[in-house]
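Since the structure comes first, as structure tokens, the remarks are kept for the end.
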Number of protein chains: 2
Amino acid sequence: MYFLGLDVGTSVVKGAIFTEKGQPVALNRLEYQLNYPHPGWIEIDPDLVWDKVKKLISELVGSSNVKPAEIVSICPSVLGEAIVPINKKGKPLYNFIEGWDGRGNYYEEEISFLEEKIGRYKIYDISGVTLSSLASIHKILWLIKHKPEIYEKTFKFLFMEDFIIAKLIGEYFVNYSLACRSMLFDRVEKKWSEEILGEAALSPDLFSLPVPSGTIVGSVAEFVASELGLSEKTKVVTGGHDQCCAALGVGIISEGPAFNGMGTVEVIAGVTERPRLEHHLSDSNIANYCHVLKDKYLLLGVNPTFGMALKWFKDVFVKGRNSIENREGRGIYEIIIEEAEQSSPGAKGLFFLPHLQGTFSGSFQALNPNSRAAFIGLRSFHKIGDMVRAILEGVCFETRNLIIEMEKVLEITDLRVSGGPTNSDLWMKIKADISQKKLLVPEKSEAGLIGTLILSTIATGVYKDTEEAILSIFKVKRSITPEEKIGVFYTSRFNIFKKIYPTLFEIYEQMGSLNNR
Amino acid sequence: MYFLGLDVGTSVVKGAIFTEKGQPVALNRLEYQLNYPHPGWIEIDPDLVWDKVKKLISELVGSSNVKPAEIVSICPSVLGEAIVPINKKGKPLYNFIEGWDGRGNYYEEEISFLEEKIGRYKIYDISGVTLSSLASIHKILWLIKHKPEIYEKTFKFLFMEDFIIAKLIGEYFVNYSLACRSMLFDRVEKKWSEEILGEAALSPDLFSLPVPSGTIVGSVAEFVASELGLSEKTKVVTGGHDQCCAALGVGIISEGPAFNGMGTVEVIAGVTERPRLEHHLSDSNIANYCHVLKDKYLLLGVNPTFGMALKWFKDVFVKGRNSIENREGRGIYEIIIEEAEQSSPGAKGLFFLPHLQGTFSGSFQALNPNSRAAFIGLRSFHKIGDMVRAILEGVCFETRNLIIEMEKVLEITDLRVSGGPTNSDLWMKIKADISQKKLLVPEKSEAGLIGTLILSTIATGVYKDTEEAILSIFKVKRSITPEEKIGVFYTSRFNIFKKIYPTLFEIYEQMGSLNNR
């Protein structure tokens with residue numbers, strides 16, 4: 001008995017074939033290029049991504065020595081918000097417009113329209129997502145206005161999941177968690193929101209049928225099965241928004257622990273047992289939408305420059321630096337973190353505010369593209385290791401800021417961490433000490449794929465419920481316990497850190513209003 | 001007819017033999033090591049520095065083909081504040097304690113004592129120097145308290161000039177400008193201040209006889225002359241504090257133009273026709289003390305991290321970076337400034353506050369060791385060239401800040417620039433455009449040595465007055481005229497820059513009060 005999981009992200013498609021215990025018998029990833037037709041525009045070619053998915057599945061099946069008929073089901077975890085218009089034949093009429101796409105000055109006009117017509121808090125009450133540029137609704141409104149000839153031919157707008165499911169079975173289904181990311185879905189009633197659709201003058205027929213995650217929606221169509229090396233008996237199970245799948249993959253199924261995914265961007269995700277309507281969540285840009293589990297909600301906060309800050313520093317300051325780059329047998333991140341080990345907690349008085357992409361969460365002016373990053377407290381004795389350490393600490397202070405906001409509705413008992421930074425002992429120690437949360441590193445690193453496995457195994461009756469599935473599949477490799485003493489030290493730093501952004505706010509507003517030549 | 005000039009600075013001794021027109025027939029420099037017996041302590045070994053001076057003079061005379069008897073006079077320009085106790089035989093009892101020495105938490109106790117006993121403004125009224133840790137008086141009070149066994153044997157405290165003159169002629173003379181740097185001299189009455197000496201319980205006999213700069217105080221003693229290859233006919237002429245000599249060397253003899261010396265530290269120096277008593281000068285840490293010209297005063301402001309900021313950046317971020325370092329035939333500063341040329345005015349919205357060593361001047365909290373440097377406004381697209389450009393602009397914004405304070409008493413018509421940064425066309429253009437002052441680059445780069453030549457030629461009757469001497473010796477090589485349009489652009493940036501320090505002040509105070517591990 002084997003289960004195929006997919007994880008379609010921005011610029012990379014991952015896949016695995018698992019045993020029901022979570023043992024991967026095949027695991028692979030394929031990268032694909034994004035399109036940037038104009039500065040700030042981000043698109044995904046739907047044919048390209050489907051080609052990559054097909055190639056990945058064929059390769060997984062081919063390399064696994066598993067008979068196609070033994071693959072019980074296939075389940076996708078996908079990136080949120082990306083939307084593509086298709087015609088009646090299922091043919092894409094435009095590229096996917098990606099969530100972080102920033103056309104129209106980050107959908108300024110569409111956001112104003114919705115703010116005025118419905119209101120920020122009402123939108124949050126219904127959809128559970130905050131009125132930021134991310135949501136799919138803005139992309140749809142933009143297409144209607146700027147590409148009317150496309151809208152005219154549009155049969156449906158598909159998210160990444162329904163796009164892939166349609167390719168596999170020829171029908172249109174989307175799970176609740178992903179539907180929520182559009183800002184068109186009613187998280188409480190679990191249907192397309194009449195009120196929002198109405199104000200946006202959109203018909204619910206333009207979208208796939210919303211179903212719970214872990215629903216068997218069909219079997220792989222014959223001609224697709226033969227092309228991919230699958231069996232037509234292989235069932236197709238609805239998956240979830242990638243953050244929800246990853247959270248499920250590390251056992252986030254009830255209030256308490258939180259998933260902490262660390263990549264370019266960092267997310268913190270915990271479960272709430274009911275939809276939380278507190279408007280300070282909207283103010284802090286923390287979403288609360290359908291989880292991939294029945295009647296559970298995911299509380300999701302985003303720190304947009306976690307790994308990105310270190311990557312920026314590496315690209316700008318370390319590349320081409322032979323004395324650093326050429327340390328044998330070590331990756332470049334490992335090497336620059338070695339530099340940080342030469343510094344000491346507090347980075348010798350240096351602070352880094354990691355707002356390289358503005359702000360995206362927090363208690364003060366949560367969503368502010370005018371905010372910028374800063375190194376504060378530089379002295380002549382500061383070296384590269386101090387700057388790296390200030391970055392590692394700075395992004396963790398930002399995480400602490402986010403956790404404080406989330407803990408206004410949900411006490412977080414521990415963080416189940418995932419992603420590249422978990423390979424750094426120093427960074428994880430800093431993270432535990434600053435957040436004063438215990439970190440659990442899962443044995444299996446591909447949390448999103450494991451999430452799809454859990455959905456598949458429950459849908460196909462292997463396990464009777466999530467608890468049983470998680471007990472069989474999820475294991476902790478190691479844990480990092482925060483030190484209380486150094487926690488006190490970091491709290492004194494955090495108390496300064498959290499003042500930096502409000503202090504610079506006015507200056508950043510003025511900088512934002514300058515005409516830069 | 002030839003004239004020997006010396007310029008004894010921190011860690012380097014320069015010398016030249018000039019014709020009366022300022023043509024150097026020999027020019028040389030010797031570096032020497034400073035001593036750092038404890039962190040923050042800075043000392044100069046008096047025997048070492050005298051050895052270097054002797055070696056330099058011998059080499060200059062030896063390499064010049066000038067007959068010793070043709071060397072009419074010798075005149076020294078020296079660093080300020082450094083003080084050494086000697087016994088009756090002229091033997092040093094301790095090292096010179098250098099001006100920037102920071103023992104006793106930057107002479108906290110001595111400063112409080114003088115503040116309380118005399119008062120900051122009264123001290124400024126008398127001495128023309130501000131109550132900062134620089135002044136020699138603190139070093140003397142520290143020695144009395146912490147090294148009583150040395151004070152007991154002390155015959156005199158010598159500055160660098162009287163130390164060298166005593167070596168040459170066996171008698172003790174110091175010029176007014178240097179005496180002023182001690183904070184013990186009355187700039188108006190031109191004598192050791194009874195009031196300050198009294199409160200500090202010091203006798204005037206502990207110091208050399210103050211005389212005007214350009215005074216012939218004797219001839220080189222026979223045994224010294226033979227050792228150095230000089231003639232015993234060579235006259236010894238009192239020189240001046242190095243900033244005054246350098247200002248004279250670029251023709252700063254009356255109100256209007258200012259000297260702008262750029263090295264690690266930057267100074268701006270203009271002339272006032274009378275002692276200026278405005279207390280805002282004291283608040284802004286701008287000195288106003290005896291110039292090397294009769295009855296003229298030098299208005300001196302300091303920007304402590306001019307070249308230093310770029311040096312720090314180079315050492316931390318560029319060294320060992322082969323792709324940058326290995327551009328053929330170019331110095332490392334030239335190369336990093338090439339990187340800055342890839343950026344654009346305004347450094348793509350990035351600002352650098354250059355307080356790597358705290359603040360030292362300005363309208364707001366002028367003397368503040370708790371202030372620190374910062375990069376403000378970082379975005380993910382910023383590259384190394386943007387950071388270099390932000391540094392070049394940041395130090396020039398700081399200069400503009402200083403000029404604004406100085407112009408409250410003295411309108412500055414142009415800046416006569418000197419030092420390494422004058423070799424960079426980009427940096428000088430930025431400087432002219434930001435300060436909106438015309439920059440004049442002198443033909444002769446060693447302003448301090450030229451200053452001693454002017455003093456020597458007037459003292460020995462070659463020229464009838466300073467005007468005549470300067471007409472013969474000082475020539476402008478090129479000038480940089482500010483562009484008005486880009487000046488408007490920079491003014492909008494400067495209006496933001498000047499808010500950064502006051503905005504961060506409170507955060508820096510809190511950072512200063514942290515116990516850094």
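Ligands are numbered from 1 in the order shown, residues from 1 within each chain, and chains are lettered A, B, ... in the order they appear in the structure tokens.
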Discussion item. Within 8 Å of chain A, which residues belong to chain B? Use only C-alpha atoms and report them as a ChimeraX atom specification.
Written reply: /B:309,312,316-318,320-324,344-346,348-349,355-357,371-380,382-384,492,496,499-500,503-504,507-508,510-511,514,516-517
Practice prompt. List the neighbours of Gly102 (chain B) out to 12 Å using only C-alpha atoms; skip same-chain residues closer than 6 positions along the sequence, and give me the result as a ChimeraX atom specification.
Written response: /B:36-43,108-110,132-136,138-139,142,369
For the selection you just gave me, I'd like the residues written to a file as a short mmCIF file (atom, residue, chain, number, x, y, z; two decimals), in the first residue's frame, keeping N, CA, C and O atoms.
data_model
loop_
_atom_site.label_atom_id
_atom_site.label_comp_id
_atom_site.auth_asym_id
_atom_site.auth_seq_id
_atom_site.Cartn_x
_atom_site.Cartn_y
_atom_site.Cartn_z
N TYR B 36 48.84 50.33 23.26
CA TYR B 36 47.49 50.19 23.83
C TYR B 36 47.59 49.30 25.06
O TYR B 36 47.26 48.11 24.99
N PRO B 37 48.08 49.84 26.18
CA PRO B 37 48.32 48.98 27.35
C PRO B 37 47.04 48.35 27.91
O PRO B 37 47.10 47.29 28.51
N HIS B 38 45.92 48.98 27.74
CA HIS B 38 44.62 48.42 28.13
C HIS B 38 43.61 48.82 27.05
O HIS B 38 43.86 49.78 26.32
N PRO B 39 42.47 48.12 26.99
CA PRO B 39 41.48 48.53 25.99
C PRO B 39 41.09 49.99 26.17
O PRO B 39 40.77 50.42 27.29
N GLY B 40 41.16 50.74 25.10
CA GLY B 40 40.78 52.15 25.15
C GLY B 40 41.91 53.10 25.55
O GLY B 40 41.79 54.30 25.40
N TRP B 41 43.00 52.54 26.08
CA TRP B 41 44.14 53.41 26.43
C TRP B 41 45.00 53.60 25.19
O TRP B 41 45.27 52.64 24.47
N ILE B 42 45.45 54.81 24.95
CA ILE B 42 46.30 55.06 23.78
C ILE B 42 47.52 55.87 24.23
O ILE B 42 47.37 56.99 24.73
N GLU B 43 48.69 55.30 24.04
CA GLU B 43 49.91 55.98 24.47
C GLU B 43 50.94 56.01 23.34
O GLU B 43 50.90 55.21 22.42
N GLU B 108 35.71 60.40 32.84
CA GLU B 108 34.42 60.73 33.46
C GLU B 108 34.61 61.57 34.73
O GLU B 108 33.98 62.62 34.91
N GLU B 109 35.50 61.07 35.62
CA GLU B 109 35.68 61.71 36.92
C GLU B 109 36.29 63.11 36.77
O GLU B 109 35.83 64.08 37.40
N GLU B 110 37.30 63.21 35.93
CA GLU B 110 37.97 64.49 35.74
C GLU B 110 37.02 65.51 35.11
O GLU B 110 37.01 66.69 35.49
N SER B 132 35.43 68.03 26.63
CA SER B 132 35.37 66.64 26.19
C SER B 132 36.59 65.91 26.75
O SER B 132 37.46 66.52 27.36
N SER B 133 36.64 64.62 26.52
CA SER B 133 37.74 63.82 27.09
C SER B 133 39.09 64.11 26.44
O SER B 133 40.13 63.74 26.96
N LEU B 134 39.06 64.80 25.29
CA LEU B 134 40.29 65.04 24.54
C LEU B 134 41.37 65.80 25.30
O LEU B 134 42.54 65.45 25.24
N ALA B 135 40.97 66.86 26.03
CA ALA B 135 41.92 67.84 26.54
C ALA B 135 42.99 67.23 27.44
O ALA B 135 42.76 66.28 28.18
N SER B 136 44.20 67.82 27.38
CA SER B 136 45.34 67.31 28.15
C SER B 136 45.09 67.37 29.65
O SER B 136 45.63 66.56 30.40
N HIS B 138 42.79 66.51 31.57
CA HIS B 138 42.28 65.28 32.18
C HIS B 138 43.39 64.27 32.38
O HIS B 138 43.44 63.56 33.38
N LYS B 139 44.28 64.20 31.39
CA LYS B 139 45.39 63.23 31.46
C LYS B 139 46.31 63.60 32.63
O LYS B 139 46.83 62.72 33.33
N TRP B 142 44.59 62.75 35.87
CA TRP B 142 44.59 61.30 36.03
C TRP B 142 45.95 60.83 36.54
O TRP B 142 46.03 60.01 37.46
N PRO B 369 28.82 59.39 23.42
CA PRO B 369 29.46 58.11 23.11
C PRO B 369 28.45 56.98 22.91
O PRO B 369 28.79 55.95 22.34
#
Item to complete: May I have all residues of region 282-324 of chain A that DSSP, computed from the backbone, assigns to alpha helix (DSSP H), given as a PyMOL selection string?
Response: chain A and resi 282-283+306-313+322-324
Just-selected residues, N, CA and C atoms written as a compact mmCIF listing (two decimals), in the first residue's frame:
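Result file follows (selection_14.txt):
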# COMPACT_ATOMS: atom_id res chain seq x y z
N SER A 282 -7.11 40.71 12.41
CA SER A 282 -7.10 41.37 11.10
C SER A 282 -6.07 42.51 11.10
N ASP A 283 -6.07 43.30 12.18
CA ASP A 283 -5.10 44.40 12.27
C ASP A 283 -3.66 43.90 12.22
N PHE A 306 12.34 35.80 6.55
CA PHE A 306 13.11 34.97 7.49
C PHE A 306 14.42 34.53 6.82
N GLY A 307 14.36 33.49 6.01
CA GLY A 307 15.58 33.05 5.33
C GLY A 307 16.05 34.08 4.32
N MET A 308 15.09 34.84 3.81
CA MET A 308 15.41 35.83 2.81
C MET A 308 16.46 36.84 3.26
N ALA A 309 16.41 37.23 4.53
CA ALA A 309 17.36 38.21 5.03
C ALA A 309 18.79 37.64 4.96
N LEU A 310 18.93 36.39 5.34
CA LEU A 310 20.26 35.78 5.29
C LEU A 310 20.70 35.58 3.84
N LYS A 311 19.76 35.22 3.00
CA LYS A 311 20.08 35.04 1.58
C LYS A 311 20.57 36.35 0.97
N TRP A 312 19.87 37.43 1.29
CA TRP A 312 20.27 38.75 0.80
C TRP A 312 21.69 39.06 1.26
N PHE A 313 21.95 38.84 2.53
CA PHE A 313 23.27 39.14 3.08
C PHE A 313 24.33 38.30 2.38
N ASN A 322 36.48 34.74 -1.49
CA ASN A 322 37.13 33.43 -1.48
C ASN A 322 37.49 32.94 -0.09
N SER A 323 37.96 33.87 0.73
CA SER A 323 38.43 33.46 2.05
C SER A 323 37.29 32.85 2.85
N ILE A 324 36.06 33.23 2.51
CA ILE A 324 34.92 32.64 3.20
C ILE A 324 34.36 31.48 2.40
Worksheet item: With only C-alpha atoms as the basis for distance, which of B:Asp433, B:Ser424, B:Leu228, B:Phe173 is at the shortest distance from Lys485 (chain B)?
Response: B:Asp433
